[in-house]
file upload.cif (mmCIF, C-alpha atoms)
data_coords
#
loop_
_atom_site.label_atom_id
_atom_site.label_comp_id
_atom_site.auth_asym_id
_atom_site.auth_seq_id
_atom_site.Cartn_x
_atom_site.Cartn_y
_atom_site.Cartn_z
CA MET A 1319 -17.16 3.44 -11.69
CA SER A 1320 -16.01 6.96 -12.35
CA ASP A 1321 -15.43 9.78 -9.89
CA GLU A 1322 -14.57 13.04 -11.64
CA PHE A 1323 -14.62 15.10 -8.40
CA ASN A 1324 -16.59 17.87 -10.10
CA VAL A 1325 -18.79 18.65 -7.07
CA VAL A 1326 -17.22 21.46 -5.06
CA ASN A 1327 -16.63 21.23 -1.31
CA ARG A 1328 -17.34 17.53 -0.87
CA THR A 1329 -16.47 16.26 2.59
CA PHE A 1330 -15.10 12.82 3.36
CA ALA A 1331 -15.46 12.33 7.10
CA ASP A 1332 -16.78 8.90 8.08
CA GLY A 1333 -20.35 8.66 6.77
CA ASP A 1334 -20.25 11.79 4.59
CA ASP A 1335 -19.63 10.21 1.19
CA PRO A 1336 -21.08 7.03 -0.40
CA THR A 1337 -17.76 6.00 -1.97
CA TRP A 1338 -14.87 7.47 0.00
CA THR A 1339 -13.83 7.86 3.63
CA ALA A 1340 -11.02 10.04 4.94
CA GLY A 1341 -10.13 8.86 8.42
CA ASP A 1342 -8.92 10.59 11.55
CA HIS A 1343 -6.09 8.46 12.91
CA SER A 1344 -2.35 8.10 13.05
CA ASP A 1345 -0.52 6.21 10.32
CA ASP A 1346 0.95 3.57 12.61
CA ALA A 1347 3.98 1.52 11.68
CA ARG A 1348 4.48 -0.32 14.95
CA THR A 1349 5.80 -3.52 13.40
CA SER A 1350 9.12 -5.30 13.64
CA VAL A 1351 10.08 -3.87 10.22
CA GLY A 1352 8.82 -0.31 10.55
CA LYS A 1353 7.99 2.31 13.14
CA GLY A 1354 8.86 5.06 10.67
CA ALA A 1355 5.44 6.69 10.18
CA LEU A 1356 5.36 10.40 11.06
CA ILE A 1357 1.87 11.51 9.97
CA PHE A 1358 -1.59 11.87 11.48
CA TYR A 1359 -4.41 11.62 8.95
CA ASN A 1360 -7.20 14.17 9.32
CA HIS A 1361 -10.36 14.10 7.20
CA SER A 1362 -10.37 17.90 6.84
CA TYR A 1363 -7.17 17.66 4.77
CA VAL A 1364 -9.13 15.98 1.96
CA SER A 1365 -11.52 18.12 -0.09
CA THR A 1366 -12.70 18.96 -3.61
CA THR A 1367 -11.78 22.24 -5.30
CA ASP A 1368 -13.56 24.79 -7.49
CA GLU A 1369 -11.51 23.49 -10.41
CA GLY A 1370 -12.89 19.95 -10.07
CA TYR A 1371 -10.05 18.16 -8.31
CA LEU A 1372 -9.74 15.99 -5.24
CA LYS A 1373 -7.18 17.71 -3.02
CA ILE A 1374 -5.07 15.85 -0.44
CA THR A 1375 -2.93 18.26 1.57
CA THR A 1376 0.09 17.62 3.79
CA THR A 1377 1.43 20.10 6.35
CA GLY A 1378 4.21 20.29 8.91
CA GLU A 1379 1.74 20.67 11.77
CA ALA A 1380 2.16 18.27 14.65
CA THR A 1381 -0.80 16.45 16.21
CA LYS A 1382 -1.05 15.40 19.84
CA TRP A 1383 -3.74 13.19 21.32
CA LYS A 1384 -4.37 11.17 24.43
CA GLY A 1385 -4.87 7.45 24.05
CA PHE A 1386 -4.51 4.11 25.77
CA ASN A 1387 -1.16 2.39 25.41
CA PRO A 1388 -1.84 -1.37 25.54
CA PHE A 1389 1.81 -2.11 26.33
CA THR A 1390 2.14 0.15 29.38
CA LYS A 1391 -1.59 -0.23 30.15
CA LYS A 1392 -1.79 3.52 30.75
CA TYR A 1393 -3.31 6.52 29.01
CA GLU A 1394 -0.54 8.57 27.41
CA VAL A 1395 -0.06 11.58 25.12
CA PHE A 1396 0.99 10.56 21.60
CA GLU A 1397 2.35 12.79 18.85
CA LYS A 1398 2.88 12.72 15.08
CA GLU A 1399 5.00 15.40 13.47
CA PHE A 1400 3.06 15.87 10.19
CA ARG A 1401 -0.60 16.12 9.25
CA GLY A 1402 -2.30 15.07 6.02
CA GLY A 1403 -4.97 13.02 4.28
CA MET A 1404 -5.75 9.43 3.31
CA VAL A 1405 -8.97 8.68 1.45
CA ASN A 1406 -10.14 5.17 0.63
CA SER A 1407 -13.21 3.18 -0.38
CA TRP A 1408 -12.87 0.37 2.19
CA ASN A 1409 -16.08 -1.61 2.67
CA LYS A 1410 -17.90 0.81 0.34
CA PHE A 1411 -16.61 0.36 -3.21
CA CYS A 1412 -14.67 -2.78 -4.12
CA PHE A 1413 -13.94 -4.61 -7.35
CA SER A 1414 -11.93 -7.51 -8.67
CA GLY A 1415 -10.38 -7.38 -12.11
CA GLY A 1416 -10.51 -4.75 -14.81
CA VAL A 1417 -8.70 -1.51 -15.47
CA VAL A 1418 -8.22 1.21 -12.85
CA GLU A 1419 -6.92 4.60 -13.88
CA VAL A 1420 -6.10 7.80 -12.02
CA ARG A 1421 -5.07 11.17 -13.42
CA LEU A 1422 -3.21 13.25 -10.87
CA ARG A 1423 -0.50 15.79 -10.12
CA LEU A 1424 2.04 14.81 -7.48
CA PRO A 1425 2.47 16.98 -4.35
CA GLY A 1426 5.41 19.21 -3.54
CA LYS A 1427 8.54 19.41 -5.67
CA SER A 1428 10.30 16.73 -7.66
CA ASP A 1429 13.71 17.50 -6.14
CA THR A 1430 12.59 17.74 -2.51
CA GLY A 1431 12.26 14.50 -0.57
CA GLY A 1432 10.01 13.69 2.36
CA LEU A 1433 6.56 13.06 0.92
CA TRP A 1434 5.28 9.60 -0.07
CA PRO A 1435 2.29 9.97 -2.43
CA ALA A 1436 0.59 6.75 -3.49
CA PHE A 1437 -2.37 5.20 -5.27
CA TRP A 1438 -2.96 1.56 -4.31
CA LEU A 1439 -5.42 -1.30 -3.85
CA MET A 1440 -5.97 -3.59 -0.88
CA GLY A 1441 -8.24 -6.59 -0.35
CA ASN A 1442 -11.30 -5.70 1.75
CA LEU A 1443 -10.41 -8.17 4.54
CA GLY A 1444 -7.66 -5.76 5.59
CA ARG A 1445 -8.15 -2.10 6.52
CA ALA A 1446 -5.08 -0.07 5.61
CA THR A 1447 -3.05 1.13 8.64
CA TYR A 1448 -5.24 -0.93 11.04
CA GLU A 1449 -2.62 -3.51 11.89
CA HIS A 1450 -4.88 -5.91 13.78
CA SER A 1451 -6.90 -6.35 10.58
CA THR A 1452 -3.86 -7.00 8.36
CA ASN A 1453 -1.91 -9.29 10.68
CA MET A 1454 -1.63 -12.73 9.00
CA MET A 1455 -4.00 -11.40 6.29
CA TRP A 1456 -1.62 -9.12 4.38
CA PRO A 1457 -0.71 -9.84 1.60
CA TRP A 1458 -1.78 -13.50 1.25
CA SER A 1459 -2.94 -14.65 -2.20
CA TYR A 1460 -2.71 -18.41 -1.73
CA ASN A 1461 -5.43 -20.99 -2.25
CA ARG A 1462 -3.66 -24.23 -1.36
CA CYS A 1463 -3.85 -26.36 1.78
CA ASP A 1464 -0.28 -26.07 2.98
CA ARG A 1465 0.12 -27.44 6.51
CA ASP A 1466 3.52 -25.77 6.91
CA ARG A 1467 1.99 -22.34 6.23
CA GLN A 1468 -1.48 -22.86 7.65
CA GLU A 1469 -0.90 -21.15 10.98
CA ALA A 1470 0.58 -18.04 9.32
CA GLN A 1471 -2.40 -17.54 6.98
CA GLU A 1472 -5.47 -16.64 9.01
CA ILE A 1473 -7.96 -17.93 6.42
CA SER A 1474 -6.21 -20.95 4.98
CA GLY A 1475 -6.99 -23.32 2.14
CA CYS A 1476 -6.96 -26.04 4.81
CA ASP A 1477 -9.98 -24.55 6.62
CA ARG A 1478 -13.09 -26.72 6.31
CA THR A 1479 -15.45 -24.56 8.35
CA THR A 1480 -17.97 -22.16 6.85
CA HIS A 1481 -18.17 -19.62 9.65
CA TRP A 1482 -19.02 -16.05 8.54
CA ASP A 1483 -20.12 -17.35 5.09
CA LEU A 1484 -16.51 -18.25 4.22
CA LEU A 1485 -16.11 -21.03 1.67
CA GLN A 1486 -14.51 -24.35 2.55
CA ASN A 1487 -10.87 -24.82 1.57
CA GLN A 1488 -10.55 -21.30 0.15
CA GLY A 1489 -7.42 -19.40 1.12
CA ARG A 1490 -8.03 -15.68 1.59
CA GLY A 1491 -6.07 -12.56 2.39
CA ALA A 1492 -5.69 -8.79 2.21
CA THR A 1493 -3.85 -8.56 -1.08
CA GLU A 1494 -2.03 -5.37 -2.12
CA ILE A 1495 -1.34 -3.91 -5.56
CA ASP A 1496 0.53 -0.59 -5.66
CA VAL A 1497 -0.35 1.30 -8.82
CA MET A 1498 2.02 4.16 -8.03
CA GLU A 1499 4.31 5.17 -5.18
CA ALA A 1500 6.49 8.20 -5.91
CA MET A 1501 9.93 9.01 -4.50
CA PRO A 1502 11.05 12.62 -5.01
CA GLY A 1503 14.56 13.88 -4.40
CA LYS A 1504 17.64 15.43 -5.95
CA GLN A 1505 19.51 13.37 -8.50
CA VAL A 1506 22.50 11.52 -7.07
CA SER A 1507 25.64 10.18 -8.68
CA LYS A 1508 25.69 6.56 -9.75
CA GLY A 1509 26.76 4.37 -6.85
CA ASP A 1510 25.92 6.92 -4.17
CA MET A 1511 23.40 6.16 -1.43
CA GLY A 1512 19.93 6.69 -2.88
CA ASP A 1513 20.91 5.57 -6.40
CA LEU A 1514 18.62 2.71 -7.43
CA GLY A 1515 19.70 2.57 -11.04
CA VAL A 1516 16.87 4.71 -12.46
CA GLY A 1517 17.72 8.05 -10.88
CA LEU A 1518 15.66 10.37 -8.70
CA PRO A 1519 12.79 11.09 -8.80
CA TYR A 1520 11.09 7.78 -9.59
CA MET A 1521 7.97 5.70 -8.97
CA SER A 1522 7.49 2.08 -8.03
CA SER A 1523 4.83 -0.35 -9.33
CA THR A 1524 4.45 -3.34 -7.04
CA LEU A 1525 2.59 -6.55 -6.30
CA GLN A 1526 2.92 -7.36 -2.60
CA ILE A 1527 2.24 -11.07 -2.17
CA SER A 1528 2.48 -14.02 0.21
CA PRO A 1529 3.71 -16.65 0.52
CA GLY A 1530 7.14 -15.40 -0.40
CA VAL A 1531 10.08 -17.17 -1.97
CA PRO A 1532 11.48 -19.21 0.96
CA LYS A 1533 15.09 -19.92 -0.08
CA ASN A 1534 17.92 -18.43 -2.14
CA ARG A 1535 16.27 -15.02 -2.07
CA PRO A 1536 17.89 -12.10 -3.93
CA VAL A 1537 20.14 -9.84 -1.88
CA PRO A 1538 18.86 -6.24 -1.70
CA GLY A 1539 21.02 -4.02 -3.87
CA LYS A 1540 21.89 -6.77 -6.33
CA ASN A 1541 20.03 -7.54 -9.55
CA PHE A 1542 20.24 -11.29 -10.11
CA THR A 1543 18.87 -10.97 -13.66
CA GLU A 1544 22.03 -9.12 -14.65
CA LEU A 1545 24.55 -10.93 -12.46
CA GLY A 1546 23.28 -14.45 -13.20
CA ALA A 1547 23.51 -15.45 -9.56
CA ASP A 1548 21.89 -18.66 -8.36
CA TRP A 1549 18.95 -16.97 -6.69
CA SER A 1550 15.26 -17.80 -6.83
CA TRP A 1551 12.80 -15.12 -7.93
CA TYR A 1552 9.88 -14.61 -10.32
CA ASP A 1553 10.32 -15.68 -13.96
CA GLY A 1554 8.59 -14.07 -16.93
CA LEU A 1555 8.51 -10.47 -15.69
CA THR A 1556 8.72 -7.94 -18.53
CA PHE A 1557 9.78 -4.31 -18.29
CA GLY A 1558 9.18 -1.27 -20.44
CA GLU A 1559 11.89 0.79 -22.07
CA THR A 1560 12.64 2.96 -19.04
CA SER A 1561 11.62 0.63 -16.18
CA LYS A 1562 13.72 -1.90 -14.34
CA MET A 1563 13.46 -4.33 -11.46
CA ASN A 1564 13.38 -2.83 -8.00
CA MET A 1565 16.46 -4.56 -6.69
CA TYR A 1566 16.53 -2.66 -3.39
CA PHE A 1567 13.30 -4.03 -1.94
CA TYR A 1568 12.38 -7.67 -2.39
CA GLY A 1569 9.84 -7.89 0.41
CA THR A 1570 9.19 -8.02 4.14
CA MET A 1571 9.68 -10.78 6.70
CA LEU A 1572 6.69 -10.80 9.06
CA ASP A 1573 8.68 -12.11 11.98
CA LYS A 1574 7.72 -13.14 15.49
CA THR A 1575 6.30 -9.98 16.99
CA GLN A 1576 8.03 -8.02 19.69
CA LYS A 1577 6.48 -7.03 23.00
CA ASP A 1578 5.65 -3.48 21.85
CA GLU A 1579 3.79 -4.48 18.68
CA PRO A 1580 -0.01 -4.26 18.54
CA ALA A 1581 -0.65 -7.57 16.76
CA GLY A 1582 0.84 -10.93 17.71
CA ARG A 1583 2.58 -13.68 15.75
CA SER A 1584 4.21 -16.73 17.28
CA ILE A 1585 7.31 -18.40 15.86
CA ARG A 1586 5.00 -20.77 13.93
CA GLN A 1587 3.19 -17.81 12.37
CA VAL A 1588 6.24 -16.17 10.83
CA TYR A 1589 5.93 -15.65 7.07
CA GLN A 1590 7.55 -13.91 4.13
CA ALA A 1591 5.84 -11.26 1.99
CA ASP A 1592 7.41 -10.58 -1.41
CA ALA A 1593 7.50 -7.25 -3.22
CA VAL A 1594 7.55 -7.96 -6.95
CA SER A 1595 8.34 -4.45 -8.05
CA ALA A 1596 9.56 -2.22 -10.86
CA LEU A 1597 11.04 1.29 -10.76
CA THR A 1598 10.41 3.95 -13.40
CA PRO A 1599 12.14 7.35 -13.59
CA LEU A 1600 9.95 10.44 -13.39
CA SER A 1601 10.61 14.09 -14.22
CA SER A 1602 9.71 17.44 -12.69
CA ASP A 1603 6.70 17.53 -15.02
CA HIS A 1604 4.98 14.81 -12.95
CA TRP A 1605 4.94 17.29 -10.05
CA GLU A 1606 3.96 20.26 -12.23
CA SER A 1607 1.34 18.72 -14.56
CA PHE A 1608 -1.26 15.94 -14.59
CA HIS A 1609 -0.35 12.42 -15.70
CA THR A 1610 -2.31 9.18 -16.01
CA TYR A 1611 -1.39 6.06 -14.02
CA ARG A 1612 -3.12 2.85 -15.07
CA LEU A 1613 -3.31 -0.76 -13.89
CA GLU A 1614 -4.70 -3.66 -15.93
CA TRP A 1615 -5.73 -6.53 -13.67
CA MET A 1616 -6.92 -9.95 -14.82
CA PRO A 1617 -7.35 -12.18 -11.74
CA GLY A 1618 -6.79 -15.89 -11.41
CA THR A 1619 -4.69 -18.69 -12.77
CA GLU A 1620 -4.65 -17.33 -16.34
CA GLY A 1621 -4.41 -13.70 -15.29
CA TYR A 1622 -1.81 -10.96 -15.21
CA LEU A 1623 -1.03 -7.48 -13.89
CA ALA A 1624 0.26 -4.67 -16.12
CA TRP A 1625 1.18 -1.08 -15.22
CA PHE A 1626 1.10 1.94 -17.55
CA LEU A 1627 2.09 5.61 -17.34
CA ASP A 1628 0.50 7.98 -19.87
CA GLY A 1629 -0.35 4.99 -22.07
CA LYS A 1630 3.17 3.52 -22.10
CA LYS A 1631 3.63 0.08 -20.61
CA LEU A 1632 5.99 -0.04 -17.65
CA TYR A 1633 5.88 -3.58 -16.35
CA ASP A 1634 3.84 -6.76 -16.21
CA ILE A 1635 3.54 -9.91 -14.11
CA PRO A 1636 1.94 -13.01 -15.69
CA ALA A 1637 0.09 -15.57 -13.58
CA PHE A 1638 2.62 -18.32 -14.25
CA SER A 1639 5.30 -16.16 -12.66
CA VAL A 1640 3.74 -16.14 -9.18
CA GLN A 1641 2.44 -19.71 -9.48
CA GLY A 1642 5.85 -21.03 -10.42
CA ALA A 1643 7.70 -19.14 -7.70
CA THR A 1644 5.56 -19.98 -4.66
CA GLY A 1645 2.21 -21.45 -5.72
CA ALA A 1646 0.51 -18.09 -5.13
CA GLN A 1647 -1.90 -16.52 -7.61
CA ILE A 1648 -2.69 -13.16 -9.15
CA PRO A 1649 -5.04 -11.57 -6.59
CA GLU A 1650 -8.76 -12.27 -6.84
CA GLU A 1651 -9.92 -10.53 -3.65
CA PRO A 1652 -12.55 -7.76 -3.79
CA SER A 1653 -10.29 -4.74 -3.39
CA TYR A 1654 -10.76 -1.11 -2.53
CA LEU A 1655 -8.98 2.06 -3.65
CA ILE A 1656 -6.59 4.17 -1.55
CA LEU A 1657 -5.11 7.61 -2.23
CA ASN A 1658 -2.80 9.18 0.31
CA THR A 1659 0.37 11.10 0.95
CA ALA A 1660 2.35 9.60 3.81
CA VAL A 1661 5.44 10.89 5.60
CA SER A 1662 7.78 8.18 6.80
CA THR A 1663 11.49 7.77 7.40
CA THR A 1664 11.30 4.38 5.67
CA TRP A 1665 10.10 5.78 2.30
CA GLY A 1666 10.14 9.26 0.83
CA PHE A 1667 13.36 10.20 2.64
CA PRO A 1668 15.76 9.58 -0.28
CA GLN A 1669 18.91 9.59 1.87
CA ALA A 1670 19.61 8.23 5.33
CA CYS A 1671 19.71 10.60 8.29
CA PRO A 1672 23.17 12.26 8.33
CA GLU A 1673 25.61 11.26 11.00
CA GLY A 1674 25.58 13.64 13.93
CA CYS A 1675 21.91 14.64 13.53
CA ALA A 1676 19.19 13.96 16.08
CA CYS A 1677 17.75 11.09 14.04
CA ASP A 1678 14.79 10.55 16.34
CA CYS A 1679 13.55 14.13 15.94
CA PHE A 1680 11.50 15.11 12.85
CA ASP A 1681 9.43 18.13 13.90
CA CYS A 1682 9.55 21.08 11.48
CA ALA A 1683 8.84 23.45 14.37
CA LYS A 1684 12.02 22.46 16.23
CA PRO A 1685 15.30 23.82 14.81
CA GLU A 1686 17.25 20.91 16.29
CA CYS A 1687 15.22 18.49 14.11
CA ARG A 1688 15.90 20.15 10.75
CA CYS A 1689 19.15 18.25 10.25
CA SER A 1690 17.22 14.94 10.31
CA LEU A 1691 14.73 15.98 7.61
CA PRO A 1692 15.21 16.15 3.83
CA VAL A 1693 16.50 19.56 2.78
CA GLY A 1694 13.67 21.91 1.86
CA LEU A 1695 10.81 19.70 3.11
CA CYS A 1696 9.56 22.00 5.87
CA GLU A 1697 9.82 25.11 3.67
CA MET A 1698 7.85 23.36 0.88
CA LEU A 1699 4.81 22.59 3.04
CA PRO A 1700 1.87 22.76 2.79
CA ALA A 1701 1.76 20.68 -0.40
CA SER A 1702 -1.20 19.04 -2.12
CA MET A 1703 -1.78 16.10 -4.42
CA LEU A 1704 -4.49 16.95 -6.95
CA VAL A 1705 -6.59 14.15 -8.48
CA ASP A 1706 -8.55 14.85 -11.65
CA TYR A 1707 -10.40 11.51 -11.72
CA VAL A 1708 -10.46 7.87 -10.68
CA ARG A 1709 -12.03 5.40 -13.14
CA VAL A 1710 -12.60 1.65 -13.09
CA TYR A 1711 -13.50 -0.35 -16.23
CA GLN A 1712 -14.59 -4.00 -16.37
CA LEU A 1713 -15.67 -6.57 -18.94
CA GLU A 1714 -19.40 -7.31 -18.78
CA ASP A 1715 -19.10 -10.93 -19.93
CA ASP A 1716 -16.13 -12.12 -17.83
CA GLU A 1717 -17.02 -13.68 -14.47
CA ARG A 1718 -13.52 -12.93 -13.20
CA HIS A 1719 -14.53 -9.27 -13.11
CA PHE A 1720 -17.01 -8.31 -10.40
CA LEU A 1721 -18.06 -5.39 -8.24
CA GLY A 1722 -18.85 -5.38 -4.54
CA CYS A 1723 -17.01 -5.78 -1.26
CA ASP A 1724 -19.01 -8.87 -0.23
CA ASN A 1725 -19.20 -11.10 -3.29
CA PRO A 1726 -20.74 -14.59 -2.72
CA ARG A 1727 -17.53 -16.15 -4.05
CA TYR A 1728 -15.38 -13.89 -1.84
CA PRO A 1729 -17.47 -12.87 1.19
CA THR A 1730 -16.14 -10.34 3.68
CA ARG A 1731 -19.12 -8.73 5.47
CA LYS A 1732 -19.75 -11.26 8.24
CA PHE A 1733 -16.06 -11.80 8.93
CA ILE A 1734 -15.57 -8.05 9.41
CA GLN A 1735 -18.66 -7.82 11.63
CA ALA A 1736 -17.49 -10.74 13.77
CA HIS A 1737 -14.02 -9.19 14.20
CA ARG A 1738 -15.05 -5.54 14.20
CA TRP A 1739 -12.56 -4.62 16.91
CA ARG A 1740 -9.75 -5.30 14.44
CA TYR A 1741 -11.13 -2.66 12.06
CA GLN A 1742 -11.69 0.07 14.66
CA ARG A 1743 -9.58 2.41 16.79
#

call {"tool": "encode", "arguments": {"input": "upload.cif", "output": "structure tokens"}}
result
Amino acid sequence: MSDEFNVVNRTFADGDDPTWTAGDHSDDARTSVGKGALIFYNHSYVSTTDEGYLKITTTGEATKWKGFNPFTKKYEVFEKEFRGGMVNSWNKFCFSGGVVEVRLRLPGKSDTGGLWPAFWLMGNLGRATYEHSTNMMWPWSYNRCDRDRQEAQEISGCDRTTHWDLLQNQGRGATEIDVMEAMPGKQVSKGDMGDLGVGLPYMSSTLQISPGVPKNRPVPGKNFTELGADWSWYDGLTFGETSKMNMYFYGTMLDKTQKDEPAGRSIRQVYQADAVSALTPLSSDHWESFHTYRLEWMPGTEGYLAWFLDGKKLYDIPAFSVQGATGAQIPEEPSYLILNTAVSTTWGFPQACPEGCACDCFDCAKPECRCSLPVGLCEMLPASMLVDYVRVYQLEDDERHFLGCDNPRYPTRKFIQAHRWRYQR
């Protein structure tokens, strides 16, 4: 697969393009660990240019819409403070295994925080930002019958039924591999808030995976590989010359849901998702010029994941690392591609909201909100991420590499059809 984006004025509204869809919906983060999303995605903010680039634009325009609030059981007016684009190939183009590569220029400025550009993969059983579809699906990559975890994994290795063409005793999930997530911002002094040991700006390369390490987990902010603490984590990870472990984010606890969350989990459905992640410093040139981000993905029990930037290896995770830690496996799910620039208080804002600011107000049009936003963000907008190409390579003679969103060994079509309400808004 190769998309060079050389056709001018392509449109990506639902049904317009055979490979990509740019949705019209809010980027919800209504979970017990989030609620920081500030952007409404609009398909018209994704286009192709005369120069042959995919263009994803973000602005400081607010969006209001009327919708049904399932918690108050009333129609209400909702609002998001920023507007932008997310384009993905969900249920259109999927693959498992191979090499995926994107050449792009990051949006905005390297020293101005607020934007969260990303290129990532998700298993087709989950639709990104549709939380009913990812609840107890994301980011499971576990093929064992584990009675203690069965209720938390929607499609468990204990399941003996074959409804919706699913295979007996095959654990499934909406796996996630983040090829690149960028964090801009001004450089800070070592030890100050926002210092993660690699300096700003930087990017993260991450495998999000469940089940997570259950006990003796690392403490955020502390690197157990250097301190020698008696913590449990993933062995055998290797890092490039400039990359290091992301010691500030080790994962997410998917806890019992609260009354104002859209998807439900009982106390027996609580589970841990791990973020096995590396950080790599970037420079202003990554915002001013094009660079190539690459993932090598070999699925299965003998597989691995490896990340590269401009041909230099950043980080890799061997299969034995995830197997040994939790019994999970390198993802095998048919996965689709996602390109977007988000705006969220939980990522992209390099420093916490200053004391004394209205930290629940993030509208560029309101002077009283400026104190809560990264300095220079509103003045920088609009800003665009430009994508030169997206390419996927696979081995012809390796059965671990396959194309298609509904592979006979990993079916998804009938499950999605039977639960279509989870994948719609």

call {"tool": "closest_residue", "arguments": {"input": "upload.cif", "among": "A:Arg1328, A:Lys1427, A:Lys1384, A:Lys1630", "to": "Ser1365 of chain A", "atoms": "all atoms listed in the file"}}
result
A:Arg1328

call {"tool": "residues_near_point", "arguments": {"input": "upload.cif", "point": "(7.4, 17.7, -10.6)", "cutoff": "12 Å", "atoms": "all atoms listed in the file", "output": "VMD selection string"}}
result
chain A and resid 1422 to 1431 1500 to 1504 1518 to 1520 1599 to 1609 1703

call {"tool": "resolve_selection", "arguments": {"input": "upload.cif", "expression": "the PyMOL selection byres ((chain A and resi 1455) around 7)", "output": "count of residues only"}}
result
11

call {"tool": "residues_around", "arguments": {"input": "upload.cif", "residues": "segment 1329-1336 of chain A", "least_positions_apart": "4", "cutoff": "7 Å", "atoms": "only C-alpha atoms", "output": "count of residues only"}}
result
5

call {"tool": "closest_residue", "arguments": {"input": "upload.cif", "among": "A:Ala1591, A:Glu1717, A:Cys1682, A:Thr1556", "to": "Asp1573 of chain A", "atoms": "only C-alpha atoms"}}
result
A:Ala1591

call {"tool": "resolve_selection", "arguments": {"input": "upload.cif", "expression": "the PyMOL selection byres ((chain A and resi 1659) around 6)", "output": "list in words"}}
result
Trp1434, Pro1435, Asn1658 and Ala1660 of chain A

call {"tool": "write_last_selection", "arguments": {"input": "upload.cif", "atoms": "C-alpha atoms", "output": "tab-separated table (two decimals), in the frame of the given file"}}
result
chain	number	residue	atom	x	y	z
A	1434	TRP	CA	5.28	9.60	-0.07
A	1435	PRO	CA	2.29	9.97	-2.43
A	1658	ASN	CA	-2.80	9.18	0.31
A	1660	ALA	CA	2.35	9.60	3.81
